[in-house]
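Undergrad: Sharing a structure below in structure tokens format, with a few things to ask.
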Amino acid sequence: MGMRTWRWSRSWLAISVLAGGLAGIGAFTFSYAGGPAYLGNDPATCASCHIMNDELDSWRKGPHHAVATCNDCHVPPHFPQKYIAKARNGYHHSMGFTFQSPTPDEPGARRVFAEPIRIKDTNSQILQDNCLRCHGDFVHNIVRGSTWADHAIRCVECHRAVGHGARR
Amino acid sequence: MEKSQRASIAAYLLVGFLTAIATAVVAALLVNIFQRKQEAMNPFLKLVEVGDDDVDAKKWGVNWPREYDGYQRTAEPTNTKYGGGLIGPEGTVTPEKASRDPWLTRIFAGYLFAVDYRERRGHAFMLQDQELTKRNVPGEAQQSGNCLHCHASIMPLYRKLGTESLPGAAPAAQVQRGLERVGEMGYWEAHKLLEQTTGTVHPVSCVDCHSPKTMELRVTRPGFITGIQKLAASDAPVPHLPSIERWRRGKRTVAYDPNVDGTRQEMRSYVCGQCHVEYYCGKGLTLLFPWDKGLKVEQIEATYDGMRVHGERFKDWTHAETGVDVLKAQHPEFELWSQGIHARSGVACADCHMPYKREGAMKVSEHWVRSPLLEINRSCETCHPYGEQEIKARVEAIQDRHFALLTRAGQAAVAMLDALATVRKRYNDAAWRVALEKDPKIHELGELQRAAQWRLDFIAAENSMGFHAPQEMARILAESIDMSRQAQVKAVALLGGQIPAPLPGEPIPATTRP
């Protein structure tokens, strides 16, 4: 029996090359932007956007420096909620980073996110849940039913400097 | 060509086209990310060298255009509910303060501030307004060269005159000697000499706060350096200036040096404290900051009361209506900020008045120095995230209450002056001077006026309308009212109970205004 030669289709070749080109430049962009690190837990990754420098500095000098990194407070601990939160925030970060006006203080400037930055409601709830994940045992007598609810008073309303609000 | 073949080609072309678009979009994203990384890496290009003698901000602006742009905008007129004035009725300068607070002309009677005293405008005008004011008419030679210590970028002249007089001495001593020599001249003579030294005369400039080599903040003004050294050497507690408390715990072999000992955060207040202070700059005395005993209103009063000039107790002028030797206060922002909760919490002048802002990927200090109320988001909301309307309402509540108390204190002072002037009518000038010194009852009236007026002026001359230290300022105004009314009551007692006919009073404004 003779061997069947595999017949090239030139169009499929062209498509493969084009698709490969796109995939390549996409992969490079992903890597150049530090993409793989965003799946991890290193706080320096969060500060690869230098707008986060103040938060990183004050966290370093703050009381939770030795026991909690950015993700420990701002991201749910378990799979898959952790990666859903990262993806959601990553989307907002990308939009903000790309589309926020470079002069946000001019009147009428396009604002994708508030400056100075303010936490969104969903993330505020995640933060609250993470406070209670570690400290819930201490406070359950006084907070039962009041901090687990949405729109309940936030721990950080009073305990503002525990994460990254340390005085200079 | 067959129809199916054409359809295939069309399909492949479409796929190719869409891939091209997708690739272009991804490439655009890549370039955008690259741009952001570049922005963050290269904050400034050093195109020109700048040195200590470069007083023209324009030259510095070549290297630091963003800061220079902000600095230039201080020429734009701004005002808030209580501060500043847009161009007033004369069309070229801001309105007179007395149009809102007529009692000012009464308390300053016999002094040039009763003639011309206008609302503030931006730093760009600090020199020009000093030249335009009727308090400084060239022919009359009323002001001394000391004024230029703050109103102009004058350090090159101090250094030049100082090195001439004291060739081998330490730089600080030379600068102090330069200050003394300029203080002995009249304003316009010093102005001319400065013009010869630096070309054009400039208002406060980059070189007055920034080291040209490293851009770090540093203080240059000898008045401030001497003043802060005296403050450090005193016993007055200064919990808001931790480096002074630290210096005090040391051996004190070397005088406190703000440029060496001050923390970075303190420097952000010290540079403003070079000029936004109470001082004395009249003729006959080298300019000084009266901080020997501390920064509080009564400590400064004690410092002045303890000074003797030409054998007499220190005074700024003799009040024309009452003949009493009284004190003048000038914009004590640094002293009053020091008494407030913001200073205590480590908030510096620059944190509110030159807040950080973002331009692209760069974090820049706003060099358009102005009221924080005109940029509440950046000035306040980094620490107080309650929404601009809410914060503005809170600030105005403080300022409304303060203004009502200030007006009340002004009216009390006017009542006091009326009463004292009526008592004076019973004496001739010579007898009155003797009575002020020797007659205990009359002497007491004079002391009360001096103290009441000092406190009122200390607060009226300050520019925050109560915000920098609301409770302290209210306390000082309350003391002023108390002293004014005591003087009035005692004077009326001397008049046999006859109250002088009051001038038509201004209504006390309500604390809540629309």
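Residues in the structure tokens are numbered from 1 in each chain, the chains being A, B, ... in the order shown, and ligands are numbered from 1 in the order shown.
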Could you name the residues that touch range 180-182 of chain B at 8 Å or less, counting only C-alpha atoms, but leaving out those on the same chain fewer than 5 positions away, as a PyMOL selection string?
TA: chain B and resi 145-146+158+161+190+286-287
Undergrad: Residues of range 19-103 of chain A within 7 Å of range 151-163 of chain A: nearest atom pair and distance (Å, one decimal) for each, counting only C-alpha atoms, sorted by chain and number, as a tab-separated table?
TA:
residue	atom	partner	partner_atom	distance
A:Trp59	CA	A:Gly163	CA	5.7
A:Gly62	CA	A:Val162	CA	6.3
A:Pro63	CA	A:Val162	CA	5.8
A:His64	CA	A:Gly163	CA	6.0
Undergrad: Using only C-alpha atoms, which residues of chain B come within 7 Å of chain A, and what is the closest atom pair for each, with the distance in Å to one decimal? Give it as a Markdown table, sorted by chain and residue number.
TA:
| residue | atom | partner | partner_atom | distance |
| --- | --- | --- | --- | --- |
| B:Gly16 | CA | A:Ile15 | CA | 7.0 |
| B:Thr19 | CA | A:Leu18 | CA | 6.8 |
| B:Thr23 | CA | A:Leu22 | CA | 5.2 |
| B:Val26 | CA | A:Gly26 | CA | 6.2 |
| B:Leu30 | CA | A:Thr29 | CA | 5.4 |
| B:Ile33 | CA | A:Ala33 | CA | 6.8 |
| B:Arg358 | CA | A:Thr103 | CA | 6.5 |
| B:Glu359 | CA | A:Thr103 | CA | 4.9 |
| B:Gly360 | CA | A:Pro102 | CA | 3.9 |
| B:Arg378 | CA | A:Pro116 | CA | 6.9 |
| B:Thr382 | CA | A:Pro116 | CA | 5.9 |
Undergrad: Set the distance at 12 Å and use only C-alpha atoms: which residues neighbour Leu405 in chain B once local chain neighbours fewer than 6 positions away are removed? I'd like the list as a ChimeraX atom specification.
TA: /B:398-399,411-412,456,459-460,465-466,470-471,473-481,508-511
Undergrad: Can you pull out every residue within 8 Å of Trp337 in chain B, counting only C-alpha atoms, but drop anything in the same chain fewer than 4 positions away, and send it as a PyMOL selection string?
TA: chain B and resi 333+342-343+468-469
Undergrad: So, with only C-alpha atoms as the atoms that count, which of A:Asn71, A:Thr45, A:Thr122, A:Ser9 lies closest to Arg88 in chain A?
TA: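 Of A:Asn71, A:Thr45, A:Thr122, A:Ser9, the one nearest Arg88 in chain A, counting only C-alpha atoms, is A:Thr122.
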Undergrad: Of the residues B:Val324, B:Leu285, B:Met215, B:Val489, which is the one nearest to Val309 in chain B, using only C-alpha atoms?
TA: B:Leu285
Undergrad: Determine, counting only C-alpha atoms, which protein, DNA and RNA residues have an atom within 12 Å of an atom of Arg218 in chain B; residues of the same chain fewer than 2 positions away are not included. Present the result as a count of residues only.
TA: 34
Undergrad: Write out as a PDB file with N, CA and C atoms, in the first residue's frame the residues lying within 7 Å of Ile126 in chain A, counting only C-alpha atoms and excluding same-chain residues fewer than 3 positions away.
TA:
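Writing the result to out32.pdb gives the following:
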ATOM      1  N   HIS A  74      -7.908  41.283  50.339  1.00  0.00           N
ATOM      2  CA  HIS A  74      -8.765  41.797  49.279  1.00  0.00           C
ATOM      3  C   HIS A  74      -9.319  40.741  48.356  1.00  0.00           C
ATOM      4  N   VAL A  75      -8.929  39.488  48.512  1.00  0.00           N
ATOM      5  CA  VAL A  75      -9.382  38.443  47.592  1.00  0.00           C
ATOM      6  C   VAL A  75      -9.894  37.265  48.415  1.00  0.00           C
ATOM      7  N   PRO A  76     -11.003  36.630  48.024  1.00  0.00           N
ATOM      8  CA  PRO A  76     -11.487  35.460  48.783  1.00  0.00           C
ATOM      9  C   PRO A  76     -10.440  34.356  48.757  1.00  0.00           C
ATOM     10  N   THR A 122     -18.543  45.484  46.123  1.00  0.00           N
ATOM     11  CA  THR A 122     -18.280  44.040  46.170  1.00  0.00           C
ATOM     12  C   THR A 122     -16.972  43.771  46.877  1.00  0.00           C
ATOM     13  N   ASN A 123     -15.968  44.553  46.551  1.00  0.00           N
ATOM     14  CA  ASN A 123     -14.672  44.345  47.175  1.00  0.00           C
ATOM     15  C   ASN A 123     -14.701  44.705  48.650  1.00  0.00           C
ATOM     16  N   ASP A 129     -15.417  40.221  54.865  1.00  0.00           N
ATOM     17  CA  ASP A 129     -15.421  38.778  55.125  1.00  0.00           C
ATOM     18  C   ASP A 129     -14.038  38.301  55.532  1.00  0.00           C
ATOM     19  N   ASN A 130     -13.008  38.891  54.933  1.00  0.00           N
ATOM     20  CA  ASN A 130     -11.655  38.476  55.283  1.00  0.00           C
ATOM     21  C   ASN A 130     -11.237  38.941  56.671  1.00  0.00           C
TER      22      ASN A 130
END
Undergrad: For the atom pair CA of His191 in chain B and CA of Arg177 in chain B, what is the interatomic distance in Å to one decimal place?
TA: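 It comes out at 17.3 Å.
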Undergrad: If you measure from CA of Gly162 in chain B to CA of Gly183 in chain B, what distance in Å do you get, rounded to one decimal?
TA: 12.5 Å
Undergrad: Give me the residues within 10 Å of Asp42 in chain A as a ChimeraX atom specification, counting only C-alpha atoms and dropping any in the same chain fewer than 5 places off.
TA: /A:37,47,69-71
